[in-house]
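J.: Let me give you the structure first, and then I'll get to my questions.
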Amino acid sequence: MKVIKQTTAAAAFHEIKERAESHWRELWHDKPVIMVGTATCGRAAGAPDVLQAFRDEVKKRKLDCPVIEVGCMGHCYAEPIVIISKPGYPPICYGYVNPVIAERLVKEFILGDNPCPEFVIGALEANDLLPSFDDFPRAQHEQKIILKNCGHIDPTEIEHYIAGGGYNALAKTLGTKPEDIVEEVKRSGLRGRGGAGFPVGRKWQYCREAPGRTKYIICNADEGDPGAFMDRSILESDPHSVIEGMIIAGYAIGARYGYIYIRAEYPLAVERIQIALKQAKKLNLLGNHILGSSFNFDIILFHGSGAFVCGEATALAASIEGKPGTPRPKPPRMTAAGLFGKPTVVNNVKTLAFIPLIIRNGTEWFTGTGTKNSPGTAVFALAGKIVNTGLVEVPMGTTLRQIIFEVGSGIPKGKKFKAVQIGGPSGGCLPESALDLPVDFDSLQEVGAIMGSGGMVVLDEDDCMVEIARYFLEFTQRESCGKCTFCRLGTKQMLEVLNDFTMGKGAMEDIDSLERLAGEVKAGSLCGLGQTAPNPILTTLRYFRDEYEAHIELGKCPALMCQHLIAYYILPDKCERSCDACVGSCTVEAISPNKKRIKVIDQTQCVKCGTCLAACPPQYNAIVKLSPPSEVPAK
Amino acid sequence: MKTVSLTIDGKKITARPGEKLLRVALENSIYIPNLCAIRDKPEPSASCRLCFVEIEGGEEPVTACTIDVTEGMVVNTRGEKALALVRAGFELLMASHALDCAHCPANGNCELQKIARHLKASLKTKRLRLLLRELPIDDSNPLFTYDPNKCVLCGRCVWVCRQNIKSGVFGFAHRGFERVMTTFADEPIGADRCLDCSQCVEVCPTGALSFKEGKRPSTEDG
Amino acid sequence: MTASKQETTTEEREQIKQETGQILNGFSRKRPGLIPILQKVQGKLGYLPREAMTAIAEYLDIPAIDVYGVVTFYNQFRLNPPGRHSIKVCLGTVCHMKGGYITLDAWKRRLGISPRETTDDREFDLDTVACVGCCTMAPVTVVDDKPEGVVEPTRVDGILLAFGYERETKDKEKSESD
Ligand SMILES: Cc1cc2nc3c(=O)[nH]c(=O)nc-3n(C[C@H](O)[C@H](O)[C@H](O)COP(=O)(O)O)c2cc1C
Ligand code: SF4
Ligand code: SF4
Ligand code: FES
């Protein structure tokens with residue numbers, strides 16, 4: 001990259017950086033610091049109370065110990081999470097913290113010198129005292145690039161971001177020709193993280209070269225996949241990385257305005273973005289003459305109103321224009337005629353978060369990670385039947401087995417792995433045999449799934465594959481915009497068939513006709529929603545056809561999940577007659593004792609909620625699920 | 001003016017560059033099923049998904065209403081892959097159509113019947129289940145009736161209405177399977193700003209919008 | 001969901017028009033303002049009454065049906081006044097697989113309504129939501145904007161009991177004074 005002239009931007013930024021760094025040093029200077037993770041996941045688990053407890057305790061004891069809020073470290077399974085950094089100790093991460101533990105930590109660790117190992121998850125640095133994260137098997141695979149700051153800085157303090165190297169890339173960008181930035185992103189091989197994996201540099205180039213003076217950059221933060229929360233986490237934990245990426249993108253393509261299209265269900269992310277935008281503006285990193293240069297750029301925050309289809313780029317643009325979010329046919333591409341008919345780049349949150357890092361560290365650094373055609377890392381939201389739920393970032397090319405069993409620590413309760421659902425409603429379910437697949441954009445496509453934006457739900461032997469297909473179809477059917485024939489009517493038709501299957505209705509031929517219809521909806525739909533909606537059906541049919549057959553032919557749900565195909569039954573010889581646990585637990589009073597005081601479920605009353613099964617004391621374990629329901633002995 | 005030459009179903013055709021393939025085919029008497037294409041509307045809505053054709057060199061069928069004609073293009077409107085998709089789309093529409101030709105005012109003058117003939121397909125689908133919505137019929141307007149259960153959501157009436165009245169009476173509401181062509185707050189058409197020009201009825205390809213008995217204007221010009 | 005069948009009095013209608021007008025004044029008369037306007041008006045009134053929609057259409061100079069089309073397209077907007085308490089059952093993938101649908105059944109049974117409906121006494125709204133990001137506490141129900149973890153059928157009764165207790169005491173006071 002050639003620097004055209006020694007710009008004032010670098011000088012202006014230098015000053016900002018100095019100030020931020022001294023602010024950061026001061027925070028850490030010779031005193032302990034308590035960091036409480038208060039992203040949405042932490043909040044739901046009780047982080048606000050923990051935060052308050054720490055603050056009260058520190059205040060009561062008049063300690064010089066800042067208590068700051070940070071974002072999400074990704075260890076969602078152990079929320080609320082707290083990191084304490086005390087001089088003389090490595091920074092230590094605590095999990096499952098509650099106000100009582102908070103009080104103890106202040107008393108014993110901040111004031112005393114007992115780091116309370118019983119609450120420790122791990123230290124952030126190698127040391128002789130406590131196990132560190134680096135010793136965990138997952139550390140071998142994890143590589144945090146865009147999640148690096150998450151959980152380690154206060155997202156409401158721009159100085160923290162800058163002290164860690166933030167906005168350096170912007171300063172560098174402003175001294176470089178826009179086309180050189182585009183070239184650099186092209187050379188990096190970065191592919192869009194919103195799902196399709198489109199090369200980012202190429203998209204920027206199309207837009208830059210499109211005729212017209214008004215152009216837009218849009219950050220797609222609509223994250224609608226019902227099992228994913230990567231984008232939310234980044235926006236809540238490190239908003240400036242996305243904003244910096246957007247400003248650079250704006251400069252590169254020649255945009256004056258950018259939009260962040262954010263999902264309505266993410267109030268905390270909205271709040272943190274708003275704060276971040278204000279701070280960036282105040283430091284002249286946004287607005288007119290950014291850092292004294294001739295570049296003007298502003299970001300407008302647009303709140304989505306709840307429609308999954310608005311994640312699709314043309315629907316998203318329609319939504320900003322004040323219309324229903326119905327997609328339009330392409331071409332013209334968004335980069336030719338996008339928002340308000342102007343050339344527009346739409347990029348995902350994660351995609352934009354990579355940009356500053358690539359500009360700052362260079363292409364070689366970036367391509368050093370990942371695979372040849374999918375460089376960099378992939379972020380997944382691990383959820384479902386997995387021990388370590390939460391966010392993980394691994395190099396592209398890591399295998400599914402490594403992600404699930406080493407990073408995620410496998411399946412809880414000794415259950416057996418059945419499938420992993422990747423890519424949400426547009427993705428697919430992959431079986432055990434696909435686990436050694438190195439994950440990248442292309443490999444997943446080959447087995448019928450897609451990278452998607454990073455939802456990864458692990459399913460075990462208790463999960464029914466027909467039901468999971470039905471679930472995703474119910475979602476896409478509900479979220480279809482209804483514009484085009486195949487998606488509007490085809491998803492409904494398929495859902496009806498699947499509904500029947502989960503009730504044991506239907507004939508074996510229906511499986512084939514479902515498969516055919518799925519292929520037609522895929523080929524005939526107007527936009528990505530309809531084109532990918534059949535994927536959960538097609539992959540479950542491909543890998544778990546026997547489960548479909550069991551439902552239809554035997555009226556049996558092998559995973560004992562489909563409510564219509566199971567019955568709860570109390571084993572008479574196991575029922576401890578004097579125990580009444582199930583009777584009281586039943587929400588519809590369907591259980592009563594017979595003459596011998598053995599409990600019996602009235603199958604006509606039972607709503608199959610499973611409460612009794614959970615209530616039966618483990619030492620008796622007298623309640624079982626049977627499928628088909630006809631397995632229940634008559635009297 | 002510059003022209004492009006292309007071949008559709010073996011027939012050599014010249015057309016203006018930038019024209020949509022569907023228009024060019026129709027103007028040259030080659031029928032391709034279509035419902036949502038509107039002659040003067042600049043952007044195709046491409047929502048009915050019935051105009052699939054095959055283009056030499058392309059792997060998958062494409063919608064003729066969105067494709068610009070180009071020099072040397074070779075088009076096959078009768079390709080098996082394309083027709084299979086068109087049939088599937090048509091079947092889906094018919095599975096949610098309140099089929100009752102015998103009592104329908106559009107009988108004999110219905111685009112759906114025409115498409116069925118073209119595809120040699122039955123109007124009744126055997127493969128799919130009937131998914132009808134049983135929405136109320138609106139006969140508040142003195143001239144015409146609106147039966148949403150026969151509507152295929154092509155958008156022609158919405159478009160033509162807005163050409164005549166700036167604040168259009170019709171539009172689409174709701175989402176997904178519930179999507180419906182309707183008026184503000186689903187109010188009766190007769191009560192609204194409707195000018196009774198009845199052009200919407202003229203353009204409706206089905207019996208969804210139809211003249212009341214004896215209200216059809218004389219059709220000497222049509 | 002259909003248009004509001006709620007009877008509004010002339011007074012209420014005037015009030016709605018006035019409050020909508022106040023919000024509209026803060027916006028330019030351009031179509032892209034539509035969704036932010038609707039969000040703001042609903043934020044104020046709790047729903048989007050007919051009068052508000054027509055006032056907005058007039059202000060932006062667009063067909064009223066276009067406002068209605070947008071309102072009915074997006075999940076966020078409602079045409080009827082909300083109930084006092086909102087119950088939202090998370091049906092994200094994880095919550096669903098961990099029995100969110102069973103929890104939803106329990107809510108439906110207890111409240112006697114389906115999702116996107118309000119009880120006759122306007123006490124409760126029932127709705128579903130896709131992933132609120134608390135997958136580790138599945139199944140989750142968001143009660144009056146607070147995510148509650150592990151809401152299984154028995155918890156449903158517990159939560160209702162807490163509300164019901166409150167209400168019963170109020171009702172009792174009322175009937176006694178009658
Ligand atoms: C139905 C549908 C939903 C989508 N949802 C999202 C989303 O929530 N977030 C996202 O970034 N991309 C989403 N996409 C993909 C976008 O259309 C677009 O490809 C992406 O934002 C481009 O960004 P990228 O190049 O950085 O990946 C969705 C696509 C479809 C068809
Ligand atoms: S595929 Fe579905 S979401 Fe996409 S345009 Fe068609 S109906 Fe709308
Ligand atoms: S009423 Fe007729 S013209 Fe209007 S959208 Fe329906 S089918 Fe098309
Ligand atoms: S005419 Fe092409 S999709 Fe309707």
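Residue names in the structure tokens use chain letters A, B, ... in the order shown, residue numbers from 1 in each chain, and ligand numbers from 1 in the order shown.
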Would you mind listing the residues within 8 Å of ligand 4, counting only C-alpha atoms and all ligand atoms, as a list in words?
T.: Cys484 of chain A; Leu22, Pro33, Asn34, Leu35, Cys36, Ala37, Pro44, Ser45, Ala46, Ser47, Cys48, Arg49, Leu50, Cys51, Phe52, Thr63, Ala64, Cys65, Thr66 and Cys154 of chain B
J.: Dump the neighbourhood of ligand 2 as a PyMOL selection string: all residues within 10 Å, distances computed on only C-alpha atoms and all ligand atoms.
T.: (chain A and resi 307-310+312+314-315+325-329+476-491+521-522+524-533) or (chain B and resi 45-49+175-177+179)
J.: Please produce a file of those selected residues containing N, CA and C atoms, as a compact mmCIF listing (two decimals), in the first residue's frame.
T.:
# COMPACT_ATOMS: atom_id res chain seq x y z
N ALA A 307 -38.82 -9.09 11.52
CA ALA A 307 -39.16 -9.90 10.36
C ALA A 307 -37.85 -10.53 9.92
N PHE A 308 -37.78 -11.83 10.00
CA PHE A 308 -36.55 -12.55 9.68
C PHE A 308 -36.09 -12.24 8.26
N VAL A 309 -37.05 -12.12 7.36
CA VAL A 309 -36.70 -11.94 5.94
C VAL A 309 -35.94 -10.64 5.72
N CYS A 310 -36.04 -9.69 6.63
CA CYS A 310 -35.32 -8.43 6.48
C CYS A 310 -33.81 -8.59 6.59
N GLU A 312 -32.36 -10.46 4.57
CA GLU A 312 -32.04 -10.53 3.14
C GLU A 312 -31.82 -9.10 2.66
N THR A 314 -32.05 -7.16 -0.06
CA THR A 314 -33.01 -6.28 -0.74
C THR A 314 -34.23 -5.99 0.14
N ALA A 315 -34.59 -6.97 0.98
CA ALA A 315 -35.71 -6.75 1.90
C ALA A 315 -35.31 -5.74 2.96
N GLY A 325 -40.88 -5.60 4.15
CA GLY A 325 -39.61 -6.22 3.76
C GLY A 325 -39.77 -7.36 2.80
N THR A 326 -40.20 -7.06 1.59
CA THR A 326 -40.28 -8.13 0.59
C THR A 326 -39.09 -8.02 -0.35
N PRO A 327 -38.39 -9.12 -0.56
CA PRO A 327 -37.22 -9.10 -1.44
C PRO A 327 -37.63 -8.83 -2.88
N ARG A 328 -36.68 -8.36 -3.65
CA ARG A 328 -36.93 -8.17 -5.07
C ARG A 328 -35.96 -9.05 -5.85
N PRO A 329 -36.28 -9.32 -7.10
CA PRO A 329 -35.36 -10.18 -7.87
C PRO A 329 -34.04 -9.48 -8.13
N THR A 476 -39.60 -20.92 9.17
CA THR A 476 -39.51 -20.26 7.86
C THR A 476 -40.90 -20.00 7.30
N GLN A 477 -41.82 -20.90 7.56
CA GLN A 477 -43.17 -20.69 7.06
C GLN A 477 -43.77 -19.43 7.69
N ARG A 478 -43.54 -19.27 8.97
CA ARG A 478 -44.06 -18.10 9.67
C ARG A 478 -43.37 -16.83 9.20
N GLU A 479 -42.11 -16.95 8.84
CA GLU A 479 -41.34 -15.77 8.48
C GLU A 479 -41.29 -15.50 6.98
N SER A 480 -41.86 -16.38 6.19
CA SER A 480 -41.90 -16.13 4.75
C SER A 480 -42.61 -14.80 4.51
N CYS A 481 -42.08 -14.02 3.57
CA CYS A 481 -42.73 -12.73 3.34
C CYS A 481 -44.04 -12.91 2.60
N GLY A 482 -44.17 -14.01 1.89
CA GLY A 482 -45.43 -14.29 1.22
C GLY A 482 -45.53 -13.74 -0.18
N LYS A 483 -44.43 -13.16 -0.65
CA LYS A 483 -44.51 -12.56 -1.98
C LYS A 483 -44.58 -13.63 -3.06
N CYS A 484 -43.70 -14.60 -2.98
CA CYS A 484 -43.64 -15.52 -4.13
C CYS A 484 -44.31 -16.86 -3.84
N THR A 485 -44.80 -17.45 -4.90
CA THR A 485 -45.65 -18.63 -4.82
C THR A 485 -45.01 -19.81 -4.08
N PHE A 486 -43.78 -20.15 -4.47
CA PHE A 486 -43.18 -21.36 -3.92
C PHE A 486 -42.98 -21.29 -2.41
N CYS A 487 -42.49 -20.17 -1.96
CA CYS A 487 -42.20 -20.05 -0.53
C CYS A 487 -43.50 -19.88 0.26
N ARG A 488 -44.37 -19.01 -0.21
CA ARG A 488 -45.61 -18.75 0.52
C ARG A 488 -46.45 -20.02 0.68
N LEU A 489 -46.63 -20.72 -0.43
CA LEU A 489 -47.51 -21.89 -0.39
C LEU A 489 -46.75 -23.18 -0.17
N GLY A 490 -45.54 -23.25 -0.72
CA GLY A 490 -44.76 -24.48 -0.60
C GLY A 490 -44.34 -24.77 0.83
N THR A 491 -43.90 -23.74 1.55
CA THR A 491 -43.50 -24.00 2.94
C THR A 491 -44.70 -24.43 3.77
N VAL A 521 -39.34 -26.14 -4.16
CA VAL A 521 -39.34 -24.86 -3.43
C VAL A 521 -37.94 -24.26 -3.47
N LYS A 522 -36.94 -25.10 -3.35
CA LYS A 522 -35.55 -24.66 -3.40
C LYS A 522 -35.23 -24.01 -4.75
N GLY A 524 -37.49 -22.96 -7.04
CA GLY A 524 -38.44 -22.00 -7.58
C GLY A 524 -38.58 -20.70 -6.82
N SER A 525 -38.08 -20.62 -5.58
CA SER A 525 -38.32 -19.43 -4.77
C SER A 525 -37.50 -18.23 -5.23
N LEU A 526 -38.04 -17.09 -4.89
CA LEU A 526 -37.42 -15.84 -5.34
C LEU A 526 -36.16 -15.50 -4.55
N CYS A 527 -36.18 -15.66 -3.24
CA CYS A 527 -35.02 -15.20 -2.47
C CYS A 527 -34.44 -16.33 -1.63
N GLY A 528 -33.36 -16.02 -0.97
CA GLY A 528 -32.64 -17.01 -0.17
C GLY A 528 -33.48 -17.69 0.88
N LEU A 529 -34.48 -17.00 1.39
CA LEU A 529 -35.28 -17.64 2.44
C LEU A 529 -35.97 -18.89 1.91
N GLY A 530 -36.68 -18.71 0.82
CA GLY A 530 -37.38 -19.85 0.24
C GLY A 530 -36.41 -20.86 -0.36
N GLN A 531 -35.32 -20.35 -0.92
CA GLN A 531 -34.36 -21.25 -1.56
C GLN A 531 -33.65 -22.15 -0.57
N THR A 532 -33.55 -21.71 0.68
CA THR A 532 -32.83 -22.53 1.66
C THR A 532 -33.77 -23.18 2.67
N ALA A 533 -35.02 -22.74 2.71
CA ALA A 533 -35.96 -23.27 3.71
C ALA A 533 -36.05 -24.80 3.67
N SER B 45 -41.99 -7.88 -10.58
CA SER B 45 -42.13 -8.31 -9.20
C SER B 45 -41.66 -9.77 -9.05
N ALA B 46 -41.74 -10.50 -10.12
CA ALA B 46 -41.21 -11.88 -10.16
C ALA B 46 -41.72 -12.72 -9.01
N SER B 47 -43.00 -12.58 -8.72
CA SER B 47 -43.53 -13.26 -7.55
C SER B 47 -44.35 -14.50 -7.90
N CYS B 48 -44.94 -14.56 -9.09
CA CYS B 48 -45.80 -15.71 -9.38
C CYS B 48 -44.98 -16.96 -9.70
N ARG B 49 -43.78 -16.77 -10.19
CA ARG B 49 -42.84 -17.87 -10.48
C ARG B 49 -43.41 -18.87 -11.48
N ARG B 175 -48.41 -11.13 6.08
CA ARG B 175 -47.16 -11.73 5.63
C ARG B 175 -47.34 -13.22 5.42
N GLY B 176 -46.47 -13.80 4.60
CA GLY B 176 -46.45 -15.25 4.42
C GLY B 176 -47.76 -15.76 3.87
N PHE B 177 -48.19 -16.89 4.39
CA PHE B 177 -49.42 -17.52 3.93
C PHE B 177 -50.62 -16.60 4.12
N ARG B 179 -50.65 -13.44 3.56
CA ARG B 179 -50.60 -12.28 2.67
C ARG B 179 -51.89 -12.16 1.89
J.: Residues of chain A no more than 7 Å from chain C, counting only C-alpha atoms: send them over as a PDB file with C-alpha atoms, in the first residue's frame.
T.:
ATOM      1  CA  THR A  40     -27.550 -10.016  27.656  1.00  0.00           C
ATOM      2  CA  CYS A  41     -26.551 -13.550  28.592  1.00  0.00           C
ATOM      3  CA  ALA A  44     -30.391 -12.850  32.282  1.00  0.00           C
ATOM      4  CA  CYS A  76     -22.193 -18.398  28.495  1.00  0.00           C
ATOM      5  CA  TYR A  77     -22.646 -21.697  30.328  1.00  0.00           C
ATOM      6  CA  PRO A 226     -33.340 -18.446  16.158  1.00  0.00           C
ATOM      7  CA  GLY A 227     -30.309 -20.222  17.601  1.00  0.00           C
ATOM      8  CA  PHE A 229     -26.300 -14.677  19.042  1.00  0.00           C
ATOM      9  CA  SER A 305     -39.319  -4.316  13.513  1.00  0.00           C
ATOM     10  CA  GLY A 306     -39.188  -8.036  13.642  1.00  0.00           C
ATOM     11  CA  ALA A 307     -39.159  -9.903  10.363  1.00  0.00           C
ATOM     12  CA  ILE A 320     -35.277   1.192   5.542  1.00  0.00           C
ATOM     13  CA  GLU A 321     -37.228   2.790   2.717  1.00  0.00           C
ATOM     14  CA  GLY A 322     -40.383   2.441   4.799  1.00  0.00           C
ATOM     15  CA  LYS A 323     -41.885  -0.510   2.974  1.00  0.00           C
ATOM     16  CA  PRO A 324     -42.744  -4.079   3.873  1.00  0.00           C
ATOM     17  CA  ALA A 383     -25.936 -24.304  21.961  1.00  0.00           C
ATOM     18  CA  GLY A 384     -28.164 -27.245  22.631  1.00  0.00           C
ATOM     19  CA  THR A 389     -22.563 -23.404  25.492  1.00  0.00           C
ATOM     20  CA  THR A 587     -50.472 -29.733  36.031  1.00  0.00           C
ATOM     21  CA  CYS A 609     -45.807 -32.143  29.640  1.00  0.00           C
TER      22      CYS A 609
END
J.: May I have the residues within 6 Å of ligand 1, computed using only C-alpha atoms and all ligand atoms, as a PyMOL selection string?
T.: chain A and resi 192-198+200+220-224+308-309+311-313+346-348+351+527-529
J.: Please report, as a PyMOL selection string, each residue of segment 11-259 of chain A to which DSSP assigns strand (DSSP E or B) when run on this structure's backbone.
T.: chain A and resi 33-37+67-70+82-85+92-94+120-123+132+176+191+199+216-221+257-259
J.: Neighbours of ligand 3 within 8 Å, counting only C-alpha atoms and all ligand atoms, as an MDAnalysis selection string?
T.: chainID B and resid 35:36 146:148 150:158 181 200:201 203:209
J.: Suppose we keep C-alpha atoms; can you now write the selection as a short mmCIF file (atom, residue, chain, number, x, y, z; two decimals), in the first residue's frame?
T.:
data_model
loop_
_atom_site.label_atom_id
_atom_site.label_comp_id
_atom_site.auth_asym_id
_atom_site.auth_seq_id
_atom_site.Cartn_x
_atom_site.Cartn_y
_atom_site.Cartn_z
CA LEU B 35 -49.46 -13.64 -13.79
CA CYS B 36 -47.44 -10.96 -12.04
CA TYR B 146 -63.86 -9.12 -4.59
CA ASP B 147 -63.31 -12.73 -3.60
CA PRO B 148 -59.88 -13.00 -1.97
CA LYS B 150 -59.58 -16.61 -5.81
CA CYS B 151 -56.80 -14.06 -5.71
CA VAL B 152 -53.34 -15.15 -6.84
CA LEU B 153 -51.61 -12.03 -5.46
CA CYS B 154 -50.38 -10.94 -8.86
CA GLY B 155 -50.57 -7.25 -7.99
CA ARG B 156 -52.12 -6.10 -11.26
CA CYS B 157 -55.09 -4.45 -9.57
CA VAL B 158 -52.85 -2.74 -7.03
CA MET B 181 -54.67 -8.10 -1.37
CA CYS B 200 -58.90 -3.40 -11.53
CA VAL B 201 -61.56 -5.84 -12.61
CA VAL B 203 -56.82 -6.52 -15.32
CA CYS B 204 -57.55 -9.27 -12.81
CA PRO B 205 -56.41 -12.54 -14.37
CA THR B 206 -58.81 -14.61 -12.27
CA GLY B 207 -62.30 -14.39 -10.91
CA ALA B 208 -61.13 -12.62 -7.77
CA LEU B 209 -62.31 -9.25 -8.97
#
J.: Please report as JSON lines every residue of chain B lying within 12 Å of chain C, along with the nearest atom pair and their distance in Å (one decimal), using only C-alpha atoms.
T.:
{"residue": "B:Val158", "atom": "CA", "partner": "C:Ile65", "partner_atom": "CA", "distance": 10.5}
{"residue": "B:Cys161", "atom": "CA", "partner": "C:Pro63", "partner_atom": "CA", "distance": 11.2}
{"residue": "B:Arg162", "atom": "CA", "partner": "C:Pro63", "partner_atom": "CA", "distance": 9.2}
{"residue": "B:Ile165", "atom": "CA", "partner": "C:Pro63", "partner_atom": "CA", "distance": 9.6}
{"residue": "B:Lys166", "atom": "CA", "partner": "C:Pro63", "partner_atom": "CA", "distance": 7.6}
{"residue": "B:Ser167", "atom": "CA", "partner": "C:Pro63", "partner_atom": "CA", "distance": 4.4}
{"residue": "B:Gly168", "atom": "CA", "partner": "C:Pro63", "partner_atom": "CA", "distance": 5.6}
{"residue": "B:Val169", "atom": "CA", "partner": "C:Ile65", "partner_atom": "CA", "distance": 6.8}
{"residue": "B:Phe170", "atom": "CA", "partner": "C:Ile65", "partner_atom": "CA", "distance": 6.7}
{"residue": "B:Gly171", "atom": "CA", "partner": "C:Ile65", "partner_atom": "CA", "distance": 5.8}
{"residue": "B:Phe172", "atom": "CA", "partner": "C:Gly69", "partner_atom": "CA", "distance": 5.8}
{"residue": "B:Ala173", "atom": "CA", "partner": "C:Gly69", "partner_atom": "CA", "distance": 4.1}
{"residue": "B:His174", "atom": "CA", "partner": "C:Thr72", "partner_atom": "CA", "distance": 4.7}
{"residue": "B:Arg175", "atom": "CA", "partner": "C:Phe73", "partner_atom": "CA", "distance": 5.3}
{"residue": "B:Gly176", "atom": "CA", "partner": "C:Phe73", "partner_atom": "CA", "distance": 8.8}
{"residue": "B:Phe177", "atom": "CA", "partner": "C:Phe73", "partner_atom": "CA", "distance": 11.6}
{"residue": "B:Glu178", "atom": "CA", "partner": "C:Phe73", "partner_atom": "CA", "distance": 9.8}
{"residue": "B:Arg179", "atom": "CA", "partner": "C:Phe73", "partner_atom": "CA", "distance": 8.6}
{"residue": "B:Val180", "atom": "CA", "partner": "C:Gly69", "partner_atom": "CA", "distance": 9.5}
{"residue": "B:Met181", "atom": "CA", "partner": "C:Gly69", "partner_atom": "CA", "distance": 9.6}
{"residue": "B:Thr182", "atom": "CA", "partner": "C:Ile65", "partner_atom": "CA", "distance": 7.9}
{"residue": "B:Thr183", "atom": "CA", "partner": "C:Ile65", "partner_atom": "CA", "distance": 5.7}
{"residue": "B:Phe184", "atom": "CA", "partner": "C:Ile65", "partner_atom": "CA", "distance": 4.1}
{"residue": "B:Ala185", "atom": "CA", "partner": "C:Ala3", "partner_atom": "CA", "distance": 5.3}
{"residue": "B:Asp186", "atom": "CA", "partner": "C:Ala3", "partner_atom": "CA", "distance": 7.2}
{"residue": "B:Glu187", "atom": "CA", "partner": "C:Ala3", "partner_atom": "CA", "distance": 9.1}
{"residue": "B:Ile189", "atom": "CA", "partner": "C:Ile65", "partner_atom": "CA", "distance": 11.7}
{"residue": "B:Asp192", "atom": "CA", "partner": "C:Ala64", "partner_atom": "CA", "distance": 10.6}
{"residue": "B:Arg193", "atom": "CA", "partner": "C:Pro63", "partner_atom": "CA", "distance": 10.4}
J.: Kindly save the residues from that selection, with C-alpha atoms included, as a short mmCIF file (atom, residue, chain, number, x, y, z; two decimals), in the first residue's frame.
T.:
data_model
loop_
_atom_site.label_atom_id
_atom_site.label_comp_id
_atom_site.auth_asym_id
_atom_site.auth_seq_id
_atom_site.Cartn_x
_atom_site.Cartn_y
_atom_site.Cartn_z
CA VAL B 158 -52.85 -2.74 -7.03
CA CYS B 161 -55.44 1.43 -9.12
CA ARG B 162 -52.41 3.55 -8.30
CA ILE B 165 -55.85 7.35 -7.92
CA LYS B 166 -52.79 8.69 -6.26
CA SER B 167 -53.79 7.34 -2.89
CA GLY B 168 -54.49 3.82 -4.06
CA VAL B 169 -57.32 1.84 -2.57
CA PHE B 170 -55.65 -1.55 -2.87
CA GLY B 171 -52.45 -2.94 -1.49
CA PHE B 172 -50.96 -6.00 0.11
CA ALA B 173 -51.14 -6.63 3.83
CA HIS B 174 -49.97 -9.32 6.25
CA ARG B 175 -47.16 -11.73 5.63
CA GLY B 176 -46.45 -15.25 4.42
CA PHE B 177 -49.42 -17.52 3.93
CA GLU B 178 -51.64 -14.76 5.34
CA ARG B 179 -50.60 -12.28 2.67
CA VAL B 180 -53.68 -10.74 1.13
CA MET B 181 -54.67 -8.10 -1.37
CA THR B 182 -56.88 -5.78 0.61
CA THR B 183 -57.86 -2.24 1.57
CA PHE B 184 -56.90 -0.10 4.53
CA ALA B 185 -57.91 -1.93 7.71
CA ASP B 186 -59.73 -4.47 5.51
CA GLU B 187 -62.56 -2.01 5.10
CA ILE B 189 -64.10 -1.38 -1.02
CA ASP B 192 -63.39 3.80 0.46
CA ARG B 193 -62.00 6.26 -2.04
#
J.: Would you list the contacts of Glu51 of chain C as an MDAnalysis selection string, taking every protein, DNA or RNA residue within 7 Å and counting only C-alpha atoms, but skipping same-chain residues closer than 2 positions in sequence?
T.: chainID C and resid 13 16:17 49 53:55
J.: Now that the selection is made, can you save its residues with C-alpha atoms as a PDB file, in the first residue's frame?
T.:
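Printed below is out01.pdb as written:
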ATOM      1  CA  ARG C  13     -59.898   9.467  19.068  1.00  0.00           C
ATOM      2  CA  ILE C  16     -54.879   9.676  19.699  1.00  0.00           C
ATOM      3  CA  LYS C  17     -54.826  12.206  16.876  1.00  0.00           C
ATOM      4  CA  PRO C  49     -55.111   2.616  16.356  1.00  0.00           C
ATOM      5  CA  MET C  53     -52.507   5.097  10.946  1.00  0.00           C
ATOM      6  CA  THR C  54     -54.622   7.463   8.866  1.00  0.00           C
ATOM      7  CA  ALA C  55     -52.928  10.503  10.408  1.00  0.00           C
TER       8      ALA C  55
END
J.: Counting only C-alpha atoms, what is within 9 Å of Gln493 of chain A, bar same-chain residues fewer than 4 positions away, as a PyMOL selection string?
T.: (chain A and resi 489+497-498+514+517) or (chain B and resi 92+128-131)
J.: Counting only C-alpha atoms, figure out which residue out of A:Leu357, A:Ala337, A:Ile450, A:Ala581 gets nearest to chain B.
T.: A:Ala337
J.: Which residues are near Ser86 of chain C? Cut-off 8 Å, only C-alpha atoms, ignore same chain within fewer than 3 positions. Put them as a PyMOL selection string.
T.: chain C and resi 82-83+124-127+142-145
J.: Please measure the separation of atom CA of Glu631 of chain A and atom CA of Arg470 of chain A, giving the value in Å to one decimal.
T.: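 The value is 24.9 Å.
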J.: In Å, rounded to a single decimal, give me how far atom CA of Ser188 of chain A is from atom CA of Gly338 of chain A.
T.: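 It comes out at 25.2 Å.
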